[in-house]
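For reference, start11.pdb (PDB, C-alpha atoms):
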MODEL        1
ATOM      1  CA  MET A  28       0.000   0.000   0.000
ATOM      2  CA  ALA A  29       1.580   3.257  -1.168
ATOM      3  CA  THR A  30       0.474   6.575   0.308
ATOM      4  CA  VAL A  31       1.105  10.157  -0.752
ATOM      5  CA  GLU A  32       0.183  12.936   1.635
ATOM      6  CA  LEU A  33      -0.210  16.521   0.507
ATOM      7  CA  ARG A  34      -0.772  19.485   2.811
ATOM      8  CA  PHE A  35      -1.375  22.973   1.514
ATOM      9  CA  SER A  36      -2.357  26.347   2.919
ATOM     10  CA  ALA A  37      -6.033  27.128   2.526
ATOM     11  CA  GLN A  38      -5.630  29.254  -0.586
ATOM     12  CA  PRO A  39      -7.749  28.697  -3.722
ATOM     13  CA  GLU A  40      -4.696  28.790  -5.996
ATOM     14  CA  HIS A  41      -3.372  25.568  -4.401
ATOM     15  CA  VAL A  42      -6.452  23.543  -5.387
ATOM     16  CA  ARG A  43      -5.149  23.200  -8.954
ATOM     17  CA  THR A  44      -1.927  21.633  -7.661
ATOM     18  CA  ALA A  45      -3.909  19.150  -5.576
ATOM     19  CA  ARG A  46      -5.949  18.180  -8.667
ATOM     20  CA  LEU A  47      -2.794  17.635 -10.739
ATOM     21  CA  VAL A  48      -1.116  15.541  -8.030
ATOM     22  CA  ALA A  49      -4.278  13.455  -7.547
ATOM     23  CA  ALA A  50      -4.564  12.739 -11.275
ATOM     24  CA  ALA A  51      -0.897  11.779 -11.540
ATOM     25  CA  VAL A  52      -1.026   9.432  -8.556
ATOM     26  CA  ALA A  53      -4.350   7.949  -9.731
ATOM     27  CA  ARG A  54      -2.879   7.250 -13.165
ATOM     28  CA  ARG A  55       0.149   5.562 -11.586
ATOM     29  CA  ALA A  56      -2.128   3.505  -9.328
ATOM     30  CA  GLY A  57      -4.000   2.110 -12.329
ATOM     31  CA  VAL A  58      -7.209   4.137 -12.373
ATOM     32  CA  GLU A  59      -8.652   3.978 -15.899
ATOM     33  CA  GLU A  60      -7.855   6.931 -18.154
ATOM     34  CA  ALA A  61     -11.577   7.513 -18.759
ATOM     35  CA  VAL A  62     -12.079   8.122 -15.020
ATOM     36  CA  LEU A  63      -9.180  10.536 -14.453
ATOM     37  CA  ASP A  64     -11.289  13.612 -15.265
ATOM     38  CA  GLU A  65     -13.773  12.537 -12.593
ATOM     39  CA  VAL A  66     -10.915  12.139 -10.115
ATOM     40  CA  ARG A  67      -9.639  15.641 -10.939
ATOM     41  CA  LEU A  68     -13.096  17.205 -10.648
ATOM     42  CA  ALA A  69     -13.980  15.411  -7.406
ATOM     43  CA  VAL A  70     -10.671  16.343  -5.779
ATOM     44  CA  GLY A  71     -11.098  19.920  -6.956
ATOM     45  CA  GLU A  72     -14.565  20.126  -5.398
ATOM     46  CA  ALA A  73     -13.443  18.517  -2.131
ATOM     47  CA  CYS A  74     -10.364  20.739  -1.845
ATOM     48  CA  SER A  75     -12.324  23.887  -2.745
ATOM     49  CA  ARG A  76     -14.845  22.976  -0.057
ATOM     50  CA  ALA A  77     -12.085  22.492   2.541
ATOM     51  CA  VAL A  78     -10.387  25.768   1.545
ATOM     52  CA  GLY A  79     -13.711  27.603   1.825
ATOM     53  CA  LEU A  80     -14.435  26.102   5.237
ATOM     54  CA  HIS A  81     -10.990  27.035   6.542
ATOM     55  CA  ARG A  82     -11.192  30.569   5.215
ATOM     56  CA  SER A  83     -14.740  31.219   6.467
ATOM     57  CA  ASN A  84     -13.798  29.913   9.921
ATOM     58  CA  GLY A  85     -10.519  31.834  10.120
ATOM     59  CA  LEU A  86      -8.330  28.730  10.306
ATOM     60  CA  THR A  87      -4.667  28.864   9.294
ATOM     61  CA  ALA A  88      -4.140  25.094   9.454
ATOM     62  CA  PRO A  89      -3.355  23.383   6.144
ATOM     63  CA  VAL A  90      -5.845  21.341   4.134
ATOM     64  CA  ARG A  91      -4.713  17.720   3.925
ATOM     65  CA  VAL A  92      -5.057  15.308   1.041
ATOM     66  CA  VAL A  93      -4.097  11.651   1.469
ATOM     67  CA  LEU A  94      -3.868   9.513  -1.672
ATOM     68  CA  THR A  95      -3.665   5.768  -1.051
ATOM     69  CA  GLU A  96      -2.974   3.046  -3.572
ATOM     70  CA  GLU A  97      -4.290  -0.320  -2.450
ATOM     71  CA  GLU A  98      -4.415  -3.663  -4.244
ATOM     72  CA  LYS A  99      -7.835  -3.209  -5.847
ATOM     73  CA  SER A 100      -8.658   0.423  -5.213
ATOM     74  CA  PHE A 101      -7.313   3.953  -5.117
ATOM     75  CA  SER A 102      -8.631   6.293  -2.453
ATOM     76  CA  ILE A 103      -8.372   9.966  -1.680
ATOM     77  CA  GLU A 104      -9.194  11.612   1.626
ATOM     78  CA  VAL A 105      -9.558  15.374   1.785
ATOM     79  CA  GLY A 106      -9.621  16.696   5.329
ATOM     80  CA  ASP A 107     -10.327  20.006   6.945
ATOM     81  CA  GLU A 108      -9.921  21.078  10.552
ATOM     82  CA  VAL A 109     -13.312  22.723  10.986
ATOM     83  CA  PRO A 110     -14.992  21.095  14.014
ATOM     84  CA  GLY A 111     -18.152  19.178  13.212
ATOM     85  CA  PRO A 112     -20.761  17.590  15.462
ATOM     86  CA  ALA A 113     -19.318  15.986  18.577
ATOM     87  CA  GLY A 114     -18.921  12.243  18.413
ATOM     88  CA  GLY A 115     -20.121  11.296  15.025
ATOM     89  CA  ALA A 116     -20.077  10.697  11.367
ATOM     90  CA  ILE A 117     -22.748  12.401   9.312
ATOM     91  CA  ASP A 118     -23.305   9.761   6.714
ATOM     92  CA  ALA A 119     -25.753   6.907   6.910
ATOM     93  CA  VAL A 120     -25.829   6.402   3.160
ATOM     94  CA  PRO A 121     -22.306   7.412   2.057
ATOM     95  CA  GLY A 122     -22.247  11.040   0.955
ATOM     96  CA  ILE A 123     -26.010  11.489   0.870
ATOM     97  CA  ALA A 124     -26.727  12.409   4.486
ATOM     98  CA  ALA A 125     -24.171  15.208   4.341
ATOM     99  CA  VAL A 126     -25.774  16.570   1.184
ATOM    100  CA  LEU A 127     -29.175  16.566   2.862
ATOM    101  CA  ASP A 128     -27.964  17.972   6.214
ATOM    102  CA  PRO A 129     -30.017  21.152   6.814
ATOM    103  CA  ASP A 130     -27.114  22.749   8.727
ATOM    104  CA  ILE A 131     -24.881  22.779   5.656
ATOM    105  CA  ASP A 132     -25.023  25.994   3.647
ATOM    106  CA  GLY A 133     -26.060  26.032  -0.020
ATOM    107  CA  GLU A 134     -22.590  26.267  -1.573
ATOM    108  CA  ASP A 135     -21.265  23.440   0.584
ATOM    109  CA  GLU A 136     -24.320  21.322  -0.234
ATOM    110  CA  MET A 137     -23.769  21.888  -3.967
ATOM    111  CA  GLY A 138     -20.122  20.830  -3.758
ATOM    112  CA  LEU A 139     -21.030  17.637  -1.928
ATOM    113  CA  ALA A 140     -23.767  16.912  -4.454
ATOM    114  CA  VAL A 141     -21.264  17.289  -7.305
ATOM    115  CA  ILE A 142     -18.820  14.943  -5.565
ATOM    116  CA  SER A 143     -21.592  12.390  -4.962
ATOM    117  CA  GLY A 144     -22.450  12.545  -8.658
ATOM    118  CA  LEU A 145     -18.832  12.001  -9.731
ATOM    119  CA  VAL A 146     -17.794   9.268  -7.310
ATOM    120  CA  ASP A 147     -19.670   6.019  -6.674
ATOM    121  CA  ASP A 148     -17.832   5.238  -3.428
ATOM    122  CA  VAL A 149     -17.834   8.389  -1.293
ATOM    123  CA  SER A 150     -18.305   9.015   2.404
ATOM    124  CA  VAL A 151     -18.374  12.214   4.400
ATOM    125  CA  SER A 152     -17.646  12.352   8.100
ATOM    126  CA  ALA A 153     -17.025  15.042  10.687
ATOM    127  CA  ASP A 154     -16.190  15.171  14.348
ATOM    128  CA  GLU A 155     -14.782  17.696  16.778
ATOM    129  CA  SER A 156     -11.337  17.576  15.090
ATOM    130  CA  GLY A 157     -12.586  18.251  11.547
ATOM    131  CA  GLY A 158     -14.219  16.747   8.496
ATOM    132  CA  THR A 159     -13.128  14.220   5.898
ATOM    133  CA  ILE A 160     -14.389  13.353   2.457
ATOM    134  CA  ARG A 161     -13.219   9.888   1.431
ATOM    135  CA  MET A 162     -13.514   8.851  -2.208
ATOM    136  CA  SER A 163     -12.327   5.666  -3.878
ATOM    137  CA  TRP A 164     -12.116   4.200  -7.363
ATOM    138  CA  PRO A 165     -11.302   0.698  -8.608
ATOM    139  CA  VAL A 166      -7.955   0.079 -10.263
ATOM    140  CA  SER A 167      -7.221  -2.206 -13.145
ATOM    141  CA  GLY A 168      -4.482  -4.679 -12.251
ATOM    142  CA  SER A 169      -2.941  -4.712 -15.727
ATOM    143  CA  ALA A 170      -2.476  -0.942 -15.898
ATOM    144  CA  ARG A 171      -0.478  -0.668 -12.667
ATOM    145  CA  VAL A 172       3.034   0.699 -12.865
ATOM    146  CA  SER A 173       5.639  -0.558 -10.410
TER     147      SER A 173
ENDMDL
END

As structure tokens:
Amino acid sequence: MATVELRFSAQPEHVRTARLVAAAVARRAGVEEAVLDEVRLAVGEACSRAVGLHRSNGLTAPVRVVLTEEEKSFSIEVGDEVPGPAGGAIDAVPGIAAVLDPDIDGEDEMGLAVISGLVDDVSVSADESGGTIRMSWPVSGSARVS
């Protein structure tokens, strides 16, 4: 299992770099070429959401992106440090509960809806230490580069 971790200051101009890194690592992991645009878009939405949350809450902590290559899947976690509800995840059906949460503002809800439309396997969680969007895609064994 190979992991790449990226941390960047919560500035919109760094989202593009996160998208490029995610696409490059996804390609190396064996994610199909036809899916790479979805990976880029989903990571862009998740990172933009995290940047917006940090900026609107006055946080100077970096946004974190963890890209993990596993045997049959490639996953990306985008995390923010904005405290969520104490003690719990917000997703019963992965990604959907967060989209329907009435406490989430309209722009945030739209970003989560876009991510849910791009990624089949997505979950959103939040606790007192921050939130995480976890997305994963299958990899094709023959396309993997060692």

Next item on the list: Could you tell me which residues the PyMOL selection byres ((chain A and resi 94-96) around 12) returns for this structure, as an MDAnalysis selection string?
Entry: chainID A and resid 28:34 45:46 48:58 66 70 91:93 97:106 160:168 171:173

Edge lengths and centre in Å to one decimal, as JSON, is what I'm after for the box along x, y and z that holds all listed atoms of range 44-51 of chain A once 4 Å is added on each side.
{"center_x": -3.4, "center_y": 16.7, "center_z": -8.6, "size_x": 13.1, "size_y": 17.9, "size_z": 14.0}

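With only C-alpha atoms as the atoms that count, the minimum distance from Gly158 in chain A to the choices A:Glu108, A:Glu40, A:Glu59, A:Glu72 is reached by A:Glu108.
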
Next item on the list: Evaluate the PyMOL selection byres ((chain A and resi 78-90) around 7) on the structure here and hand back the selected residues as a PyMOL selection string.
Entry: chain A and resi 34-39+74-77+91-92+106-107+109

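Atom to atom, CA of Arg67 in chain A and CA of Leu145 in chain A stand 10.0 Å apart.
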
If you apply the PyMOL selection byres ((chain A and resi 155) around 6) to this file, what residues do you get, as a compact mmCIF listing (two decimals) with C-alpha atoms, in the coordinates of the input?
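The resulting file, result-v2.txt, is reproduced below:
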# COMPACT_ATOMS: atom_id res chain seq x y z
CA PRO A 110 -14.99 21.10 14.01
CA GLY A 111 -18.15 19.18 13.21
CA ALA A 113 -19.32 15.99 18.58
CA ASP A 154 -16.19 15.17 14.35
CA SER A 156 -11.34 17.58 15.09
CA GLY A 157 -12.59 18.25 11.55

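Going from CA of Val141 in chain A to CA of Val62 in chain A covers 15.1 Å.
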
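Relative to CA of Leu47 in chain A, CA of Asp64 in chain A is found at 10.4 Å.
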
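Between Met137 in chain A and the candidates A:Leu63, A:Ser152, A:Ala73, A:Thr159, the tightest atom-to-atom separation, counting only C-alpha atoms, involves A:Ala73.
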